[in-house]
Structure formats: structure tokens, C-alpha cells
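Raw query-v7.cif, mmCIF, C-alpha atoms:
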data_data
loop_
_atom_site.label_atom_id
_atom_site.label_comp_id
_atom_site.auth_asym_id
_atom_site.auth_seq_id
_atom_site.Cartn_x
_atom_site.Cartn_y
_atom_site.Cartn_z
CA MET A 872 0.00 0.00 0.00
CA PRO A 873 1.43 3.49 -0.90
CA ILE A 874 2.76 5.53 2.03
CA LYS A 875 0.26 8.33 1.29
CA LYS A 876 -2.72 6.00 1.74
CA ILE A 877 -1.26 4.53 4.97
CA THR A 878 -0.81 8.05 6.37
CA LEU A 879 -4.41 9.00 5.50
CA LEU A 880 -5.71 5.79 7.08
CA LEU A 881 -3.79 6.48 10.32
CA LEU A 882 -5.12 10.04 10.46
CA LEU A 883 -8.65 8.74 9.97
CA LEU A 884 -8.24 6.22 12.80
CA ILE A 885 -6.87 8.92 15.13
CA LEU A 886 -9.84 11.17 14.29
CA VAL A 887 -12.36 8.40 14.96
CA PHE A 888 -10.67 7.52 18.28
CA SER A 889 -10.58 11.19 19.32
CA CYS A 890 -14.30 11.65 18.57
CA THR A 891 -15.15 8.46 20.46
CA GLN A 892 -13.07 9.56 23.44
CA LYS A 893 -14.76 12.97 23.48
CA GLN A 894 -18.17 11.31 23.41
CA GLU A 895 -17.17 9.02 26.31
CA ASN A 896 -15.82 11.98 28.31
CA ALA A 897 -18.98 13.96 27.62
CA SER A 898 -21.05 10.97 28.69
CA ASP A 899 -19.02 10.66 31.91
CA LEU A 900 -19.46 14.36 32.62
CA GLN A 901 -23.20 14.12 32.07
CA GLU A 902 -23.31 11.15 34.44
CA GLN A 903 -21.40 13.11 37.08
CA LYS A 904 -23.81 16.02 36.69
CA LYS A 905 -26.75 13.64 37.06
CA THR A 906 -25.48 12.46 40.43
CA LYS A 907 -25.48 16.07 41.66
CA LYS A 908 -28.78 17.14 40.11
CA SER A 909 -30.60 16.95 43.40
CA GLU A 910 -29.38 17.33 46.98
CA PHE A 911 -30.90 18.55 50.25
CA GLY A 912 -34.29 18.50 48.53
CA PHE A 913 -33.32 21.05 45.85
CA LEU A 914 -32.85 20.65 42.09
CA TYR A 915 -29.40 22.03 41.33
CA SER A 916 -30.37 22.73 37.73
CA GLU A 917 -32.61 25.55 38.99
CA PHE A 918 -29.76 27.39 40.73
CA ASN A 919 -26.24 28.70 40.42
CA VAL A 920 -24.60 26.37 42.98
CA VAL A 921 -21.55 27.23 45.13
CA HIS A 922 -19.91 24.64 47.44
CA ASP A 923 -17.52 25.88 50.12
CA THR A 924 -16.34 25.31 53.70
CA ILE A 925 -16.24 27.54 56.78
CA LYS A 926 -12.85 29.22 56.95
CA SER A 927 -11.08 30.89 59.87
CA GLY A 928 -12.90 34.16 60.65
CA ASP A 929 -16.02 33.23 58.67
CA THR A 930 -19.44 33.86 60.18
CA PHE A 931 -22.92 33.39 58.78
CA GLY A 932 -23.13 37.17 58.43
CA SER A 933 -19.79 37.59 56.62
CA ILE A 934 -20.65 34.75 54.20
CA ILE A 935 -24.04 36.09 53.12
CA GLN A 936 -22.82 39.70 53.10
CA LYS A 937 -20.54 38.69 50.20
CA GLN A 938 -23.74 37.83 48.31
CA ASN A 939 -24.70 41.53 48.23
CA ILE A 940 -26.85 41.40 51.35
CA GLY A 941 -26.61 44.52 53.55
CA ASP A 942 -25.93 44.73 57.29
CA LYS A 943 -29.55 45.49 58.21
CA GLU A 944 -30.87 42.58 56.15
CA VAL A 945 -28.25 40.21 57.63
CA TYR A 946 -29.34 41.22 61.15
CA ASP A 947 -33.02 40.68 60.29
CA ILE A 948 -32.30 37.21 58.83
CA ILE A 949 -30.34 36.13 61.92
CA GLU A 950 -33.17 37.32 64.19
CA LYS A 951 -35.79 35.45 62.15
CA VAL A 952 -33.93 32.11 62.19
CA LYS A 953 -32.33 32.15 65.67
CA ASP A 954 -34.97 29.91 67.28
CA THR A 955 -34.27 27.19 64.71
CA PHE A 956 -30.67 27.80 63.66
CA ASP A 957 -28.22 29.45 66.03
CA VAL A 958 -25.67 30.73 63.53
CA ARG A 959 -23.04 31.02 66.31
CA THR A 960 -22.79 27.21 66.35
CA MET A 961 -21.24 27.10 62.87
CA ARG A 962 -17.79 25.54 63.06
CA PHE A 963 -14.49 25.81 61.18
CA ASN A 964 -14.06 23.52 58.16
CA LYS A 965 -17.72 22.48 58.01
CA PRO A 966 -19.17 22.48 54.46
CA TYR A 967 -21.93 24.76 53.25
CA VAL A 968 -23.80 25.31 49.99
CA LEU A 969 -25.10 28.54 48.44
CA LEU A 970 -27.98 28.27 45.98
CA ARG A 971 -28.14 31.48 43.95
CA SER A 972 -30.51 32.64 41.25
CA LYS A 973 -29.44 31.95 37.67
CA HIS A 974 -29.97 35.52 36.42
CA LYS A 975 -27.13 38.06 36.29
CA LYS A 976 -27.51 39.28 39.88
CA ASN A 977 -26.82 35.80 41.30
CA LYS A 978 -29.11 36.63 44.22
CA LEU A 979 -28.74 34.28 47.20
CA GLN A 980 -31.84 32.07 47.46
CA VAL A 981 -30.87 29.33 49.92
CA PHE A 982 -28.05 28.79 52.46
CA ILE A 983 -27.33 25.19 53.56
CA TYR A 984 -25.00 24.38 56.47
CA GLN A 985 -23.90 20.74 56.89
CA LEU A 986 -23.72 19.96 60.59
CA ASP A 987 -22.35 16.45 59.91
CA ALA A 988 -22.61 13.73 57.28
CA VAL A 989 -26.34 13.30 57.98
CA ASN A 990 -27.81 16.48 59.50
CA TYR A 991 -28.04 19.91 57.90
CA TYR A 992 -29.69 23.32 58.32
CA VAL A 993 -31.48 25.18 55.56
CA VAL A 994 -32.09 28.95 55.53
CA ASP A 995 -34.55 29.66 52.71
CA LEU A 996 -34.44 33.33 51.66
CA ARG A 997 -36.79 33.10 48.68
CA ASP A 998 -39.69 34.60 50.61
CA THR A 999 -39.77 37.76 52.74
CA ALA A 1000 -40.75 35.61 55.74
CA VAL A 1001 -37.40 33.73 55.63
CA VAL A 1002 -37.71 30.07 56.65
CA ALA A 1003 -35.13 27.99 58.55
CA TYR A 1004 -35.30 24.27 59.34
CA LYS A 1005 -33.17 21.32 60.26
CA LYS A 1006 -33.30 18.07 58.28
CA ALA A 1007 -31.49 14.74 58.05
CA LYS A 1008 -30.53 12.79 54.98
CA PRO A 1009 -32.26 9.39 54.76
CA ILE A 1010 -30.31 6.58 56.44
CA ARG A 1011 -30.59 2.97 55.38
CA ILE A 1012 -29.36 0.15 57.62
CA LYS A 1013 -27.85 -2.85 55.84
CA ARG A 1014 -26.93 -6.15 57.45
CA ARG A 1015 -23.70 -7.99 56.63
CA THR A 1016 -22.25 -11.34 57.78
CA ILE A 1017 -18.59 -12.20 57.36
CA GLY A 1018 -16.53 -15.11 58.65
CA GLY A 1019 -13.62 -17.44 58.12
CA VAL A 1020 -10.26 -17.66 59.85
CA LEU A 1021 -8.08 -14.95 61.34
CA LYS A 1022 -5.18 -14.20 58.99
CA SER A 1023 -3.53 -11.74 61.36
CA SER A 1024 -4.82 -9.49 64.17
CA LEU A 1025 -8.54 -8.82 64.54
CA SER A 1026 -8.24 -5.23 63.31
CA GLU A 1027 -6.16 -6.26 60.27
CA THR A 1028 -8.59 -9.09 59.45
CA LEU A 1029 -11.53 -6.66 59.57
CA GLU A 1030 -9.63 -4.10 57.51
CA SER A 1031 -9.00 -6.67 54.78
CA ALA A 1032 -12.76 -7.36 54.75
CA LYS A 1033 -13.35 -3.57 54.34
CA VAL A 1034 -15.04 -3.22 57.71
CA GLU A 1035 -14.77 0.04 59.68
CA GLY A 1036 -12.11 -0.12 62.39
CA ALA A 1037 -14.59 0.97 65.08
CA LEU A 1038 -16.10 -2.54 64.98
CA ALA A 1039 -12.86 -4.00 66.40
CA SER A 1040 -13.13 -1.71 69.45
CA LYS A 1041 -16.80 -2.64 69.88
CA ILE A 1042 -15.94 -6.36 69.76
CA THR A 1043 -13.08 -6.09 72.28
CA LYS A 1044 -15.41 -4.31 74.72
CA ILE A 1045 -18.11 -6.98 74.37
CA TYR A 1046 -15.61 -9.83 74.84
CA ALA A 1047 -13.42 -8.01 77.39
CA TRP A 1048 -14.47 -10.42 80.16
CA SER A 1049 -14.31 -13.60 78.05
CA ILE A 1050 -11.45 -13.40 75.55
CA ASP A 1051 -7.88 -12.20 75.83
CA PHE A 1052 -7.42 -10.98 72.26
CA PHE A 1053 -3.64 -11.12 72.67
CA LYS A 1054 -4.02 -14.90 72.67
CA LEU A 1055 -6.05 -15.27 69.46
CA LYS A 1056 -4.02 -17.13 66.83
CA LYS A 1057 -3.85 -17.16 63.04
CA GLY A 1058 -6.26 -19.82 61.84
CA ASP A 1059 -8.77 -19.34 64.69
CA ARG A 1060 -12.27 -19.22 63.24
CA PHE A 1061 -14.64 -16.27 63.60
CA ALA A 1062 -17.97 -14.98 62.27
CA LEU A 1063 -19.73 -11.63 62.66
CA THR A 1064 -23.18 -10.34 61.79
CA PHE A 1065 -23.41 -6.56 62.00
CA THR A 1066 -25.32 -3.63 60.54
CA GLU A 1067 -23.89 -0.64 58.66
CA ARG A 1068 -25.36 2.80 57.94
CA TYR A 1069 -25.65 4.23 54.42
CA ILE A 1070 -26.62 7.83 53.70
CA ASN A 1071 -28.97 8.24 50.71
CA ASP A 1072 -28.56 4.48 50.23
CA THR A 1073 -25.04 4.86 48.78
CA ILE A 1074 -22.67 6.79 51.09
CA TYR A 1075 -21.11 4.57 53.76
CA ASP A 1076 -21.49 6.02 57.28
CA GLY A 1077 -19.95 3.33 59.50
CA VAL A 1078 -20.97 0.37 61.63
CA ASP A 1079 -24.29 0.68 63.45
CA SER A 1080 -24.46 -2.37 65.74
CA LEU A 1081 -23.13 -5.89 66.30
CA GLU A 1082 -26.00 -8.40 66.07
CA ALA A 1083 -24.12 -11.67 66.60
CA ALA A 1084 -20.57 -12.99 66.76
CA PHE A 1085 -18.35 -15.89 67.64
CA PHE A 1086 -14.61 -16.40 68.04
CA GLU A 1087 -12.66 -19.59 68.45
CA TYR A 1088 -10.66 -19.14 71.65
CA LYS A 1089 -8.41 -21.84 73.10
CA GLY A 1090 -10.24 -24.45 71.03
CA LYS A 1091 -13.70 -23.35 72.18
CA ILE A 1092 -16.32 -21.37 70.24
CA VAL A 1093 -17.44 -18.31 72.24
CA TYR A 1094 -20.69 -16.76 70.94
CA ALA A 1095 -22.05 -13.27 71.67
CA PHE A 1096 -25.66 -12.16 71.18
CA PRO A 1097 -27.22 -8.89 72.43
CA TYR A 1098 -30.35 -9.15 74.57
CA ALA A 1099 -32.35 -6.94 76.95
CA THR A 1100 -33.50 -9.03 79.92
CA ASN A 1101 -35.37 -6.37 81.91
CA SER A 1102 -37.77 -3.46 81.53
CA SER A 1103 -34.95 -0.89 81.41
CA GLY A 1104 -34.08 -2.07 77.91
CA LYS A 1105 -30.34 -2.17 78.68
CA ILE A 1106 -28.53 -4.46 76.24
CA GLU A 1107 -26.08 -7.05 77.54
CA TYR A 1108 -24.28 -9.81 75.60
CA TYR A 1109 -24.76 -13.53 76.24
CA ASP A 1110 -23.39 -16.76 74.78
CA ASP A 1111 -25.45 -19.40 72.98
CA GLU A 1112 -26.53 -20.93 76.31
CA GLY A 1113 -27.73 -17.66 77.85
CA LYS A 1114 -24.64 -17.18 80.02
CA THR A 1115 -23.49 -13.59 80.40
CA LEU A 1116 -20.17 -12.59 78.82
CA LYS A 1117 -19.73 -9.95 81.50
CA ASN A 1118 -17.56 -11.41 84.23
CA PHE A 1119 -16.43 -9.98 87.54
CA PHE A 1120 -12.95 -9.18 86.14
CA LEU A 1121 -11.74 -7.93 82.77
CA LYS A 1122 -9.12 -10.14 81.14
CA THR A 1123 -6.49 -7.39 80.90
CA PRO A 1124 -5.92 -3.84 82.24
CA ILE A 1125 -5.06 -2.39 78.81
CA LYS A 1126 -6.27 -2.97 75.26
CA PHE A 1127 -4.26 -3.95 72.19
CA SER A 1128 -0.99 -4.81 73.89
CA ARG A 1129 1.25 -7.85 74.33
CA ILE A 1130 2.52 -9.84 77.28
CA THR A 1131 6.28 -9.39 77.72
CA SER A 1132 6.74 -11.19 81.04
CA ARG A 1133 4.59 -13.61 83.00
CA TYR A 1134 4.16 -14.49 86.66
CA SER A 1135 7.20 -16.50 87.77
CA SER A 1136 8.71 -17.77 91.02
CA ASN A 1137 12.24 -17.17 89.65
CA ARG A 1138 13.07 -14.70 86.88
CA LEU A 1139 16.22 -12.80 85.91
CA HIS A 1140 15.32 -9.18 86.66
CA PRO A 1141 15.98 -7.08 83.51
CA VAL A 1142 17.28 -4.07 85.50
CA GLN A 1143 18.82 -5.53 88.67
CA GLY A 1144 20.34 -8.54 86.89
CA ILE A 1145 19.50 -10.95 89.72
CA TRP A 1146 17.17 -13.94 89.92
CA LYS A 1147 14.02 -13.20 91.91
CA ALA A 1148 10.26 -13.85 91.84
CA HIS A 1149 8.10 -11.85 89.41
CA LYS A 1150 4.62 -11.85 90.95
CA GLY A 1151 2.78 -10.13 88.13
CA THR A 1152 2.09 -10.04 84.39
CA ASP A 1153 3.79 -7.37 82.24
CA TYR A 1154 1.85 -5.80 79.36
CA ALA A 1155 3.92 -3.62 77.02
CA ALA A 1156 2.22 -0.57 75.49
CA PRO A 1157 3.15 2.95 74.29
CA TYR A 1158 3.64 5.76 76.81
CA GLY A 1159 0.31 7.27 77.86
CA THR A 1160 -1.83 4.23 77.00
CA PRO A 1161 -4.86 4.18 79.37
CA ILE A 1162 -4.72 1.64 82.21
CA THR A 1163 -8.15 0.51 83.46
CA SER A 1164 -9.29 -1.14 86.67
CA THR A 1165 -10.19 -4.73 85.83
CA ALA A 1166 -13.08 -4.72 88.34
CA ALA A 1167 -15.07 -2.25 90.42
CA GLY A 1168 -13.66 -1.41 93.84
CA VAL A 1169 -12.07 1.19 96.10
CA VAL A 1170 -8.57 2.60 95.62
CA GLU A 1171 -6.61 1.20 98.55
CA GLN A 1172 -3.21 2.76 97.80
CA THR A 1173 -1.53 5.13 95.38
CA GLY A 1174 2.07 6.28 95.46
CA PHE A 1175 5.65 5.74 94.35
CA THR A 1176 8.38 3.27 95.33
CA THR A 1177 11.83 2.73 93.84
CA GLY A 1178 10.89 -0.66 92.40
CA ASN A 1179 7.21 -0.17 91.49
CA GLY A 1180 7.37 3.42 90.30
CA ASN A 1181 3.97 5.13 90.28
CA PHE A 1182 1.33 2.58 91.26
CA VAL A 1183 -2.33 2.13 92.15
CA LYS A 1184 -3.80 -0.70 94.23
CA VAL A 1185 -7.56 -1.41 94.15
CA LYS A 1186 -9.51 -3.51 96.69
CA HIS A 1187 -12.48 -5.18 94.96
CA ASN A 1188 -14.01 -7.10 97.88
CA GLY A 1189 -12.94 -9.15 100.88
CA THR A 1190 -11.22 -11.67 98.59
CA TYR A 1191 -9.64 -9.88 95.63
CA SER A 1192 -7.29 -6.91 95.08
CA THR A 1193 -5.29 -5.77 92.05
CA GLN A 1194 -2.25 -3.52 91.59
CA TYR A 1195 -0.93 -1.59 88.56
CA LEU A 1196 2.75 -0.55 88.45
CA HIS A 1197 5.17 1.74 86.55
CA MET A 1198 2.56 4.36 85.60
CA SER A 1199 3.58 7.62 83.97
CA LYS A 1200 0.54 9.27 85.57
CA ILE A 1201 -1.88 8.36 88.38
CA LEU A 1202 -5.47 9.51 87.70
CA VAL A 1203 -7.23 8.41 90.91
CA ARG A 1204 -6.84 9.08 94.64
CA ARG A 1205 -6.86 6.90 97.73
CA GLY A 1206 -10.39 6.07 98.95
CA GLN A 1207 -11.97 6.75 95.55
CA HIS A 1208 -14.54 4.27 94.20
CA VAL A 1209 -13.74 3.11 90.65
CA ASN A 1210 -15.90 1.25 88.15
CA GLN A 1211 -14.85 -1.73 86.07
CA GLY A 1212 -13.06 -0.42 82.97
CA GLN A 1213 -12.48 3.05 84.47
CA ILE A 1214 -9.15 4.67 83.54
CA ILE A 1215 -6.98 4.88 86.68
CA GLY A 1216 -3.63 5.83 85.15
CA ARG A 1217 -1.42 5.80 82.08
CA VAL A 1218 1.40 3.53 80.95
CA GLY A 1219 4.93 4.63 81.76
CA SER A 1220 8.32 3.25 82.82
CA THR A 1221 8.73 4.68 86.31
CA GLY A 1222 10.59 2.63 88.92
CA LEU A 1223 12.70 -0.36 87.85
CA ALA A 1224 11.53 -0.72 84.24
CA THR A 1225 13.38 -0.99 80.93
CA GLY A 1226 10.51 0.37 78.84
CA PRO A 1227 6.86 1.46 78.93
CA HIS A 1228 4.56 -1.24 80.34
CA VAL A 1229 2.17 -2.01 83.17
CA CYS A 1230 2.92 -4.78 85.66
CA TYR A 1231 -0.47 -6.20 86.67
CA ARG A 1232 -0.53 -7.90 90.09
CA PHE A 1233 -3.37 -9.90 91.62
CA TRP A 1234 -4.18 -10.85 95.24
CA LYS A 1235 -6.57 -13.54 96.45
CA ASN A 1236 -7.16 -13.70 100.21
CA GLY A 1237 -4.05 -11.56 100.75
CA VAL A 1238 -1.73 -13.79 98.69
CA GLN A 1239 -0.29 -12.78 95.30
CA VAL A 1240 -1.37 -15.22 92.57
CA ASP A 1241 -1.08 -15.63 88.78
CA ALA A 1242 -4.12 -13.83 87.30
CA LEU A 1243 -3.79 -15.75 84.01
CA ARG A 1244 -4.21 -19.11 85.75
CA LEU A 1245 -6.89 -18.11 88.21
CA LYS A 1246 -10.50 -19.21 87.68
CA LEU A 1247 -12.34 -15.97 88.35
CA PRO A 1248 -16.01 -15.46 89.30
CA THR A 1249 -18.50 -14.90 86.47
CA GLY A 1250 -21.72 -12.90 86.18
CA GLU A 1251 -25.30 -14.18 86.31
CA SER A 1252 -26.92 -16.30 83.58
CA MET A 1253 -30.43 -16.24 82.14
CA SER A 1254 -33.13 -18.62 83.32
CA GLY A 1255 -36.84 -19.36 82.90
CA SER A 1256 -38.94 -17.59 80.26
CA SER A 1257 -36.20 -15.02 79.49
CA LYS A 1258 -33.80 -17.78 78.52
CA GLN A 1259 -36.45 -19.50 76.38
CA ARG A 1260 -37.23 -16.29 74.47
CA PHE A 1261 -33.51 -15.60 74.07
CA LEU A 1262 -32.75 -19.04 72.61
CA GLN A 1263 -35.61 -18.69 70.10
CA GLN A 1264 -34.40 -15.23 69.10
CA ILE A 1265 -30.78 -16.23 68.48
CA GLU A 1266 -31.49 -19.47 66.57
CA PRO A 1267 -31.48 -17.93 63.03
CA LEU A 1268 -28.52 -15.68 63.90
CA LYS A 1269 -26.49 -18.61 65.19
CA ARG A 1270 -27.33 -20.66 62.09
CA GLN A 1271 -26.11 -17.79 59.86
CA LEU A 1272 -22.82 -17.47 61.78
CA ASP A 1273 -22.17 -21.21 61.67
CA SER A 1274 -22.81 -21.34 57.91
CA VAL A 1275 -20.20 -18.72 56.98
CA ALA A 1276 -17.52 -20.34 59.14
CA ASN A 1277 -18.45 -23.93 58.17
CA LEU A 1278 -19.03 -25.12 61.74
#
Could you write out this structure as C-alpha cells?
Amino acid sequence: MPIKKITLLLLLLILVFSCTQKQENASDLQEQKKTKKSEFGFLYSEFNVVHDTIKSGDTFGSIIQKQNIGDKEVYDIIEKVKDTFDVRTMRFNKPYVLLRSKHKKNKLQVFIYQLDAVNYYVVDLRDTAVVAYKKAKPIRIKRRTIGGVLKSSLSETLESAKVEGALASKITKIYAWSIDFFKLKKGDRFALTFTERYINDTIYDGVDSLEAAFFEYKGKIVYAFPYATNSSGKIEYYDDEGKTLKNFFLKTPIKFSRITSRYSSNRLHPVQGIWKAHKGTDYAAPYGTPITSTAAGVVEQTGFTTGNGNFVKVKHNGTYSTQYLHMSKILVRRGQHVNQGQIIGRVGSTGLATGPHVCYRFWKNGVQVDALRLKLPTGESMSGSSKQRFLQQIEPLKRQLDSVANL
């Protein structure tokens, strides 16, 4: 084929491709415009739309003044809407939308302030009366069940399944009395049924609630189902036999840490370099990590010693006491009542310590014991008609969990 004809053919192909690409780009642009045609109950095609965020120094008045609205009119608008929308509550970096008329004057018609991802205020200026109201975008709750085996930590496993990280914190709180998550292993089975929120049916807004779960822990399957057993409507979590997951003691005094040293009758001390008993369990964690009381009680002692550093000791009843050593900061005082899970101090390395950690010590009947080996008291279990209703309620949830993990 002559070179001239080849050149013409190539030019023709380039032209066709260019036209096709332009059509595709135009189609994409139209599709993008379609998705923004309507928002907050307004058709964007009817307005000149401006999207912006609150900047340092911005006020409602300064924003609308820039839309050719005078001082007197701004004052009147603020007075008319103050019972519905207190403009002083507008915060830095929050988004807002201006809907302006499409004629040359670009007159401000509507001001929309987004309080959060769901809630927003509207100030409608199209009538002399001026109307303000608060609305919420429609929320849809969707249920999801996932399961399988742990490939790494709980948070990393959930992240790989594209689940919001907040669910991991929710799970560790629910199982805080039953499972030491430091001891979960790769290959342990799990299953979760939970609900997620979606704004306008499409925008993900996070995890709503955990409806059912199980984890394989030390060869045993530990279920968790929410249930309200009394008229107060307070939700507690129970296993598949109606036994509460909420025990007298939490498994650990800090979350998301690792054990660096266990209770021992003879251990080489890392600082003193001598062999001596270590009557506690060491949990390593970054400086400032919250340390919580593993059970409710009264603070028996606080203070500082050369070996223990800053410490807190809590008396829980006539049988049990716990102590927390090497704190960077003590947050309670002697004689103070503390609740289970209450923050009593922060991780440090005061006293004889090579790095930031908490040494957790446990007393039973005045004798120091190994908390990890002790069989601790549990909470109450369901019985009678409550238990019967509970077992009927969880049956389909349990079946769903078992199916995804092939139990």
C-alpha cells in the first residue's frame, strides 16, 4: 500500500478515536452532573450552585454579606432564624452550599450548612418571611455477615474485609471479660453479623451495631448475642446458652498490647540482673496508654516506690485486690470508688523498668497469685422464660454465623 494511503488511514483512525473519546468523556461528565442534580431536597439545575467550607474568621453574616446582602438585612435574617438555627454554632471547616438565582444578579436564594454527614440546616431566603429548618438525609441500615479464619490481628482481618475499624473496638469491649485478644491465633475461626449505615442508600457512614458474633478461643467457640432481659431495655451480651459474657474481672488492664513477662517464682530481673520472683504479668504498650481497673472497687493505695514506680492498688471485695505498676501518671486518689473499665492511670516506665509497660498484680485472700491461671467469678446467667425467648431469638442468627464459618 502506498505511504500516502497509509498516512491518510492512520489520520482517519486517530480522528475516529478522538471523537469516540470525546463522546465518552462527555457521557461521563453528564453522568457526574446527574449524580449532583438533586441534593438537600433542591434541584441544582434551577440554581447557580456554590460549594464551600467555613474558613477561619467566617461567620454566617460575613458569608451572606458577600452575596450583596446589607448589614440590616443580615441582622433581620439572623433574628428570624435564631430559634431554629443558632448561627453562632457554625464551626471551622464544616461544608456549606449557596444556591443562587441563575440571572445576572446571582441573588442568594438558599443557604445550607452541613452539621455532619447526615444532619443539615437550611435557611430559605426566597420569601420575605425567611424560613429555617433542620433536616437529616435518609439513612438505610444494611446487614452484613462475614466469617472465616483470622489471617492476622482482629483489626487487620476486619480491615482486609473492608469493615470500619470501630467494629474492632466494639468487639473487644463486648468480649473483654471472656477473651484475651492477645491470645487469638492465626487460623482461629470467627464470624460476625453486624449492621452498617448508608446515607442516601449509597454513602457509607460506618458500623451501626453488632447483632451476633463468635470467636474460636483456646479451642472453644465463644458466641455473643445482644439481649435486653429487663424493663430498662439495657442491652447485655450472652453466649449461645444464655450465660453472660460480662464477668467480675476484665481479662487485661489495657487494650491492644502484648505480654512481655509472666508471673514467675524465679526470673532474671531485667534491671537488677538478679534472679528473683516476678509476681505479676507485664503488658507492654506505648507511653500514655490508658490503664483501666479490671473490676469495680475502692482505691486502697496510690504512690511511688523505687521498684514499682507510680502505682495504684484497688480492693475489689474481701477476697480480691489488684495492683498496677510503673505508671507515667496516676489519675485516681486513695479512697476513691472506681468502676470496672475506668481509667486509673497511664502507661509509663517509672521505677525499675526498661521500657513502657504495666505490671499487673493480683491478690486472692491476701496472697499474690497468677491472674492468668486463676478461675475468676463470672456474672449471672439467664433462666426461665427469658432464657427460652432468648434461645428462640438467636437461633437464626447462630445458624447464619455457623454457615459462613463452616461449623
>> So, with only C-alpha atoms as the atoms that count, which of A:Arg1015, A:Arg1060, A:Lys1184, A:Lys1022 lies closest to A:Arg1204?
In response: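 When distances to A:Arg1204 are compared using only C-alpha atoms, the smallest one comes from A:Lys1184.
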>> Counting all atoms listed in the file, which residue out of A:Lys1008, A:Leu914, A:Asp957, A:Ser1040 sits closest to A:Val981?
In response: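 Closest to A:Val981 of all the choices is A:Leu914.
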> Could you pull the residues within 12 Å of A:Glu944, counting all atoms listed in the file, minus those fewer than 3 positions along the same chain, as a ChimeraX atom specification?
Replying inline: /A:932,935-936,938-941,947-951,996,999,1001
> If you apply the PyMOL selection byres ((chain A and resi 1084) around 9) to this file, what residues do you get, as a PyMOL selection string?
Replying inline: chain A and resi 1042+1061-1065+1081-1083+1085-1086+1093-1096+1268-1269+1272
> At what distance in Å, to one decimal, does atom CA of A:Ile1265 lie from atom CA of A:Pro1009?
Replying inline: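 These two atoms are separated by 29.1 Å.
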> Smallest atom-to-atom distance to A:Cys1230: which of A:Thr1165, A:Asn964, A:Asn1179, A:Ser1024, using all atoms listed in the file?
Replying inline: A:Asn1179
>> Using all atoms listed in the file, can you tell me which of A:Asp1153, A:Asp942, A:Glu1171, A:Asp998 comes closest to A:Val1183?
In response: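 Distance minimum relative to A:Val1183 lands on A:Glu1171.
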At a cut-off of 12 Å around the point (-22.5, -10.0, 80.4) (file coordinates), what residues fall inside when counting all atoms listed in the file? I'd like the answer as a PDB file with C-alpha atoms, keeping the file's coordinate frame.
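The file below, point.pdb, is the result:
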ATOM      1  CA  LYS A1044     -15.410  -4.310  74.720  1.00  0.00           C
ATOM      2  CA  ILE A1045     -18.110  -6.980  74.370  1.00  0.00           C
ATOM      3  CA  TYR A1046     -15.610  -9.830  74.840  1.00  0.00           C
ATOM      4  CA  ALA A1047     -13.420  -8.010  77.390  1.00  0.00           C
ATOM      5  CA  TRP A1048     -14.470 -10.420  80.160  1.00  0.00           C
ATOM      6  CA  SER A1049     -14.310 -13.600  78.050  1.00  0.00           C
ATOM      7  CA  TYR A1094     -20.690 -16.760  70.940  1.00  0.00           C
ATOM      8  CA  ALA A1095     -22.050 -13.270  71.670  1.00  0.00           C
ATOM      9  CA  PHE A1096     -25.660 -12.160  71.180  1.00  0.00           C
ATOM     10  CA  PRO A1097     -27.220  -8.890  72.430  1.00  0.00           C
ATOM     11  CA  TYR A1098     -30.350  -9.150  74.570  1.00  0.00           C
ATOM     12  CA  ALA A1099     -32.350  -6.940  76.950  1.00  0.00           C
ATOM     13  CA  THR A1100     -33.500  -9.030  79.920  1.00  0.00           C
ATOM     14  CA  LYS A1105     -30.340  -2.170  78.680  1.00  0.00           C
ATOM     15  CA  ILE A1106     -28.530  -4.460  76.240  1.00  0.00           C
ATOM     16  CA  GLU A1107     -26.080  -7.050  77.540  1.00  0.00           C
ATOM     17  CA  TYR A1108     -24.280  -9.810  75.600  1.00  0.00           C
ATOM     18  CA  TYR A1109     -24.760 -13.530  76.240  1.00  0.00           C
ATOM     19  CA  ASP A1110     -23.390 -16.760  74.780  1.00  0.00           C
ATOM     20  CA  GLY A1113     -27.730 -17.660  77.850  1.00  0.00           C
ATOM     21  CA  LYS A1114     -24.640 -17.180  80.020  1.00  0.00           C
ATOM     22  CA  THR A1115     -23.490 -13.590  80.400  1.00  0.00           C
ATOM     23  CA  LEU A1116     -20.170 -12.590  78.820  1.00  0.00           C
ATOM     24  CA  LYS A1117     -19.730  -9.950  81.500  1.00  0.00           C
ATOM     25  CA  ASN A1118     -17.560 -11.410  84.230  1.00  0.00           C
ATOM     26  CA  PHE A1119     -16.430  -9.980  87.540  1.00  0.00           C
ATOM     27  CA  PHE A1120     -12.950  -9.180  86.140  1.00  0.00           C
ATOM     28  CA  LEU A1121     -11.740  -7.930  82.770  1.00  0.00           C
ATOM     29  CA  THR A1249     -18.500 -14.900  86.470  1.00  0.00           C
ATOM     30  CA  GLY A1250     -21.720 -12.900  86.180  1.00  0.00           C
ATOM     31  CA  GLU A1251     -25.300 -14.180  86.310  1.00  0.00           C
ATOM     32  CA  SER A1252     -26.920 -16.300  83.580  1.00  0.00           C
ATOM     33  CA  MET A1253     -30.430 -16.240  82.140  1.00  0.00           C
TER      34      MET A1253
END
> Applied to the shown file, which residues does the PyMOL selection byres ((chain A and resi 1213) around 9) return, written as a list in words?
Replying inline: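 Those residues are Ile1162, Thr1163, Ser1164, Thr1165, Ala1166, Ala1167, Val1209, Asn1210, Gln1211, Gly1212, Ile1214 and Ile1215 of chain A.
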Could you turn the residues from that selection into a file that holds C-alpha atoms, as a PDB file, in the coordinates of the input?
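The resulting file, result_18.pdb, is shown below:
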ATOM      1  CA  ILE A1162      -4.720   1.640  82.210  1.00  0.00           C
ATOM      2  CA  THR A1163      -8.150   0.510  83.460  1.00  0.00           C
ATOM      3  CA  SER A1164      -9.290  -1.140  86.670  1.00  0.00           C
ATOM      4  CA  THR A1165     -10.190  -4.730  85.830  1.00  0.00           C
ATOM      5  CA  ALA A1166     -13.080  -4.720  88.340  1.00  0.00           C
ATOM      6  CA  ALA A1167     -15.070  -2.250  90.420  1.00  0.00           C
ATOM      7  CA  VAL A1209     -13.740   3.110  90.650  1.00  0.00           C
ATOM      8  CA  ASN A1210     -15.900   1.250  88.150  1.00  0.00           C
ATOM      9  CA  GLN A1211     -14.850  -1.730  86.070  1.00  0.00           C
ATOM     10  CA  GLY A1212     -13.060  -0.420  82.970  1.00  0.00           C
ATOM     11  CA  ILE A1214      -9.150   4.670  83.540  1.00  0.00           C
ATOM     12  CA  ILE A1215      -6.980   4.880  86.680  1.00  0.00           C
TER      13      ILE A1215
END
>> With the PyMOL selection byres ((chain A and resi 1089) around 10) as the selection, what would be picked from this file? Answer as a ChimeraX atom specification, please.
In response: /A:1050,1054-1056,1059,1086-1088,1090-1093
>> When you count all atoms listed in the file, which of these residues is closest to A:Asp1241: A:Tyr1075, A:Tyr1069, A:Phe963, A:Tyr1134?
In response: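 Residue with the minimum atom-to-atom distance to A:Asp1241: A:Tyr1134.
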